[in-house]
Amino acid sequence: MNIVVEFFVVTFKVLWAFVLAAARWLVRPKEKSVAGQVCLITGAGSGLGRLFALEFARRRALLVLWDINTQSNEETAGMVRHIYRDLEAADAAALQAGNGEEEILPHCNLQVFTYTCDVGKRENVYLTAERVRKEVGEVSVLVNNAGVVSGHHLLECPDELIERTMMVNCHAHFWTTKAFLPTMLEINHGHIVTVASSLGLFSTAGVEDYCASKFGVVGFHESLSHELKAAEKDGIKTTLVCPYLVDTGMFRGCRIRKEIEPFLPPLKPDYCVKQAMKAILTDQPMICTPRLMYIVTFMKSILPFEAVVCMYRFLGADKCMYPFIAQRKQATNNNEAKKWHLKIFFIWNIISTRRRSRHYSPIHISITDILWILNPC
């Protein structure tokens, strides 16, 4: 095709994309069904991951829950089973009343499976993924949600915590996607959801490792989306979720300017997940919550850096993480103090007990006792 003609065709397609995007604002697309499909959620034990699990359960998906905390993961599974029981009861009542025209999935098909998995460890991800394929089946919807934050200034942050943040928040998306994407490609069907952050689109001071990990995962997601388009695998959808600060406790203490905060408060977790679910079920490529984040991202892209700095200072966004970091540091110090109190109590208990012994000698404190005292709890 002549390059001039092709240029006009591309221009038309770009303008048509704007028209379609505007139409989505006016007429909401119909939500697709995920009933009976296997949906895997990482970090399902708490926060947004738990809420995603409950939303997918209400839509009759078969759930696979991954979390490093076995107890909290099982608690989420218990909530999911309660939803399944309610669905079964509603289905039975509808059938009894003769209103069962719609197809109803049997309750035995609605199951939840839990796996303890550290997504920051590649081998653990691949082994757990293999177990999922054998015990549950192939995953249709992959929600990469797990995330951590160190809560330290760069020069005060141990290297191990920086590596941990990058592994969980960014590298884990590579491992899970490599584990489940091949089957999606074979059948040209699936959906990959990347739960990132507004801090993957623009940054702030004090959380360099977190911002780097989220910027990295946004880049990963966008490149993956382009690769799927280049391979013409239109049956595999992707959704990038970039919420503003969510009130899950992860960034407790984070504050912007007090005069501005009433107009831009932390997001309620329920609202954040419901908005993300609408985007996922309508195959929306990206969602920023609230919509103001789109404007902030655009302005950051076109304004000079000094202008962005001025805006940050006006909003109080330049040091918004400092109170959060101070709280984390205080909590760490308190934990260290508690550990030393326990050590002192332990030493006193040993001495008091052995003083009652007829053959008491300070030398009787064992090597194990000394090692316990010297090492952290």
# chains A, B, ... in the order shown; residues from 1 in each chain; ligands from 1
$ select_by_dssp --residues "stretch 54-199 of chain A" --states "strand (DSSP E or B)" --output "MDAnalysis selection string"
chainID A and resid 62:67 112:116 141:144 190:195
$ residues_around --residues "A:His82" --least-positions-apart "4" --cutoff "12 Å" --atoms "only C-alpha atoms" --output "MDAnalysis selection string"
chainID A and resid 54 57:58 75:78 86:89 107 110:112
$ write_last_selection --atoms "N, CA, C and O atoms" --output "PDB file, in the first residue's frame"
ATOM      1  N   LEU A  54     -13.562 -12.064  46.349  1.00  0.00           N
ATOM      2  CA  LEU A  54     -14.994 -12.034  46.667  1.00  0.00           C
ATOM      3  C   LEU A  54     -15.811 -11.590  45.455  1.00  0.00           C
ATOM      4  O   LEU A  54     -16.905 -12.122  45.200  1.00  0.00           O
ATOM      5  N   ALA A  57     -15.912 -14.413  43.007  1.00  0.00           N
ATOM      6  CA  ALA A  57     -16.762 -15.478  43.542  1.00  0.00           C
ATOM      7  C   ALA A  57     -18.231 -15.165  43.289  1.00  0.00           C
ATOM      8  O   ALA A  57     -19.021 -16.061  42.937  1.00  0.00           O
ATOM      9  N   ARG A  58     -18.623 -13.908  43.456  1.00  0.00           N
ATOM     10  CA  ARG A  58     -20.019 -13.517  43.210  1.00  0.00           C
ATOM     11  C   ARG A  58     -20.400 -13.723  41.752  1.00  0.00           C
ATOM     12  O   ARG A  58     -21.584 -13.844  41.425  1.00  0.00           O
ATOM     13  N   GLU A  75      -8.672 -17.742  55.400  1.00  0.00           N
ATOM     14  CA  GLU A  75      -9.787 -16.876  55.803  1.00  0.00           C
ATOM     15  C   GLU A  75     -10.520 -16.332  54.582  1.00  0.00           C
ATOM     16  O   GLU A  75     -11.756 -16.276  54.557  1.00  0.00           O
ATOM     17  N   THR A  76      -9.757 -15.932  53.572  1.00  0.00           N
ATOM     18  CA  THR A  76     -10.379 -15.475  52.329  1.00  0.00           C
ATOM     19  C   THR A  76     -11.173 -16.608  51.686  1.00  0.00           C
ATOM     20  O   THR A  76     -12.305 -16.393  51.209  1.00  0.00           O
ATOM     21  N   ALA A  77     -10.616 -17.798  51.677  1.00  0.00           N
ATOM     22  CA  ALA A  77     -11.313 -18.956  51.097  1.00  0.00           C
ATOM     23  C   ALA A  77     -12.624 -19.220  51.834  1.00  0.00           C
ATOM     24  O   ALA A  77     -13.635 -19.572  51.209  1.00  0.00           O
ATOM     25  N   GLY A  78     -12.618 -19.036  53.162  1.00  0.00           N
ATOM     26  CA  GLY A  78     -13.847 -19.217  53.933  1.00  0.00           C
ATOM     27  C   GLY A  78     -14.925 -18.225  53.512  1.00  0.00           C
ATOM     28  O   GLY A  78     -16.111 -18.582  53.408  1.00  0.00           O
ATOM     29  N   ASP A  86     -24.373 -19.128  49.478  1.00  0.00           N
ATOM     30  CA  ASP A  86     -25.488 -18.210  49.217  1.00  0.00           C
ATOM     31  C   ASP A  86     -25.981 -18.337  47.784  1.00  0.00           C
ATOM     32  O   ASP A  86     -27.196 -18.307  47.519  1.00  0.00           O
ATOM     33  N   LEU A  87     -25.040 -18.489  46.845  1.00  0.00           N
ATOM     34  CA  LEU A  87     -25.428 -18.666  45.446  1.00  0.00           C
ATOM     35  C   LEU A  87     -26.202 -19.970  45.251  1.00  0.00           C
ATOM     36  O   LEU A  87     -27.194 -20.021  44.515  1.00  0.00           O
ATOM     37  N   GLU A  88     -25.768 -21.008  45.929  1.00  0.00           N
ATOM     38  CA  GLU A  88     -26.457 -22.302  45.834  1.00  0.00           C
ATOM     39  C   GLU A  88     -27.874 -22.181  46.371  1.00  0.00           C
ATOM     40  O   GLU A  88     -28.828 -22.697  45.755  1.00  0.00           O
ATOM     41  N   ALA A  89     -28.000 -21.501  47.506  1.00  0.00           N
ATOM     42  CA  ALA A  89     -29.328 -21.329  48.093  1.00  0.00           C
ATOM     43  C   ALA A  89     -30.231 -20.511  47.177  1.00  0.00           C
ATOM     44  O   ALA A  89     -31.418 -20.829  46.996  1.00  0.00           O
ATOM     45  N   HIS A 107     -23.562 -26.187  42.260  1.00  0.00           N
ATOM     46  CA  HIS A 107     -22.703 -25.702  43.341  1.00  0.00           C
ATOM     47  C   HIS A 107     -21.398 -26.490  43.416  1.00  0.00           C
ATOM     48  O   HIS A 107     -20.365 -25.953  43.807  1.00  0.00           O
ATOM     49  N   LEU A 110     -18.521 -24.855  41.806  1.00  0.00           N
ATOM     50  CA  LEU A 110     -17.996 -23.632  42.403  1.00  0.00           C
ATOM     51  C   LEU A 110     -17.061 -24.016  43.536  1.00  0.00           C
ATOM     52  O   LEU A 110     -17.496 -24.347  44.641  1.00  0.00           O
ATOM     53  N   GLN A 111     -15.781 -23.957  43.257  1.00  0.00           N
ATOM     54  CA  GLN A 111     -14.785 -24.385  44.237  1.00  0.00           C
ATOM     55  C   GLN A 111     -13.703 -23.329  44.391  1.00  0.00           C
ATOM     56  O   GLN A 111     -13.472 -22.530  43.484  1.00  0.00           O
ATOM     57  N   VAL A 112     -13.070 -23.361  45.545  1.00  0.00           N
ATOM     58  CA  VAL A 112     -11.951 -22.459  45.792  1.00  0.00           C
ATOM     59  C   VAL A 112     -10.764 -23.300  46.259  1.00  0.00           C
ATOM     60  O   VAL A 112     -10.914 -24.200  47.092  1.00  0.00           O
TER      61      VAL A 112
END
$ closest_residue --among "A:Ile83, A:Leu303, A:Ile260, A:Val139" --to "A:Pro182" --atoms "only C-alpha atoms"
A:Val139
$ closest_residue --among "A:Thr289, A:Thr194, A:Asn169, A:Gln37" --to "A:Tyr210" --atoms "only C-alpha atoms"
A:Asn169
$ atom_distance --atom1 "atom CA of A:Val308" --atom2 "atom CA of A:Glu163"
29.0 Å
$ residues_around --residues "A:Ala179" --least-positions-apart "4" --cutoff "8 Å" --atoms "only C-alpha atoms" --output "ChimeraX atom specification"
/A:126,129,175
$ atom_distance --atom1 "atom CA of A:Lys258" --atom2 "atom CA of A:Cys320"
10.6 Å
$ atom_distance --atom1 "atom CA of A:Leu199" --atom2 "atom CA of A:His153"
15.8 Å
$ residues_around --residues "A:Pro29" --least-positions-apart "6" --cutoff "10 Å" --atoms "only C-alpha atoms" --output "list in words"
Ala23, Lys278, Ala279, Leu281, Thr282, Asp283 and Gln284 of chain A
$ closest_atom_pairs --of "stretch 233-253 of chain A" --to "stretch 188-191 of chain A" --cutoff "12 Å" --atoms "only C-alpha atoms" --output "tab-separated table"
residue	atom	partner	partner_atom	distance
A:Lys233	CA	A:Asn188	CA	5.8
A:Asp234	CA	A:Asn188	CA	7.2
A:Gly235	CA	A:His189	CA	4.7
A:Ile236	CA	A:Gly190	CA	4.6
A:Lys237	CA	A:His191	CA	4.6
A:Thr238	CA	A:His191	CA	5.6
A:Thr239	CA	A:His191	CA	7.7
A:Leu240	CA	A:His191	CA	11.0
$ select_by_dssp --residues "stretch 82-133 of chain A" --states "alpha helix (DSSP H)" --output "list in words"
His82, Ile83, Tyr84, Arg85, Asp86, Leu87, Glu88, Ala89, Ala90, Asp91, Ala92, Ala93, Ala94, Leu95, Gln96, Arg122, Glu123, Asn124, Val125, Tyr126, Leu127, Thr128, Ala129, Glu130, Arg131, Val132 and Arg133 of chain A
$ closest_residue --among "A:Pro243, A:Arg59, A:Ala53, A:Leu154" --to "A:Glu31" --atoms "only C-alpha atoms"
A:Arg59
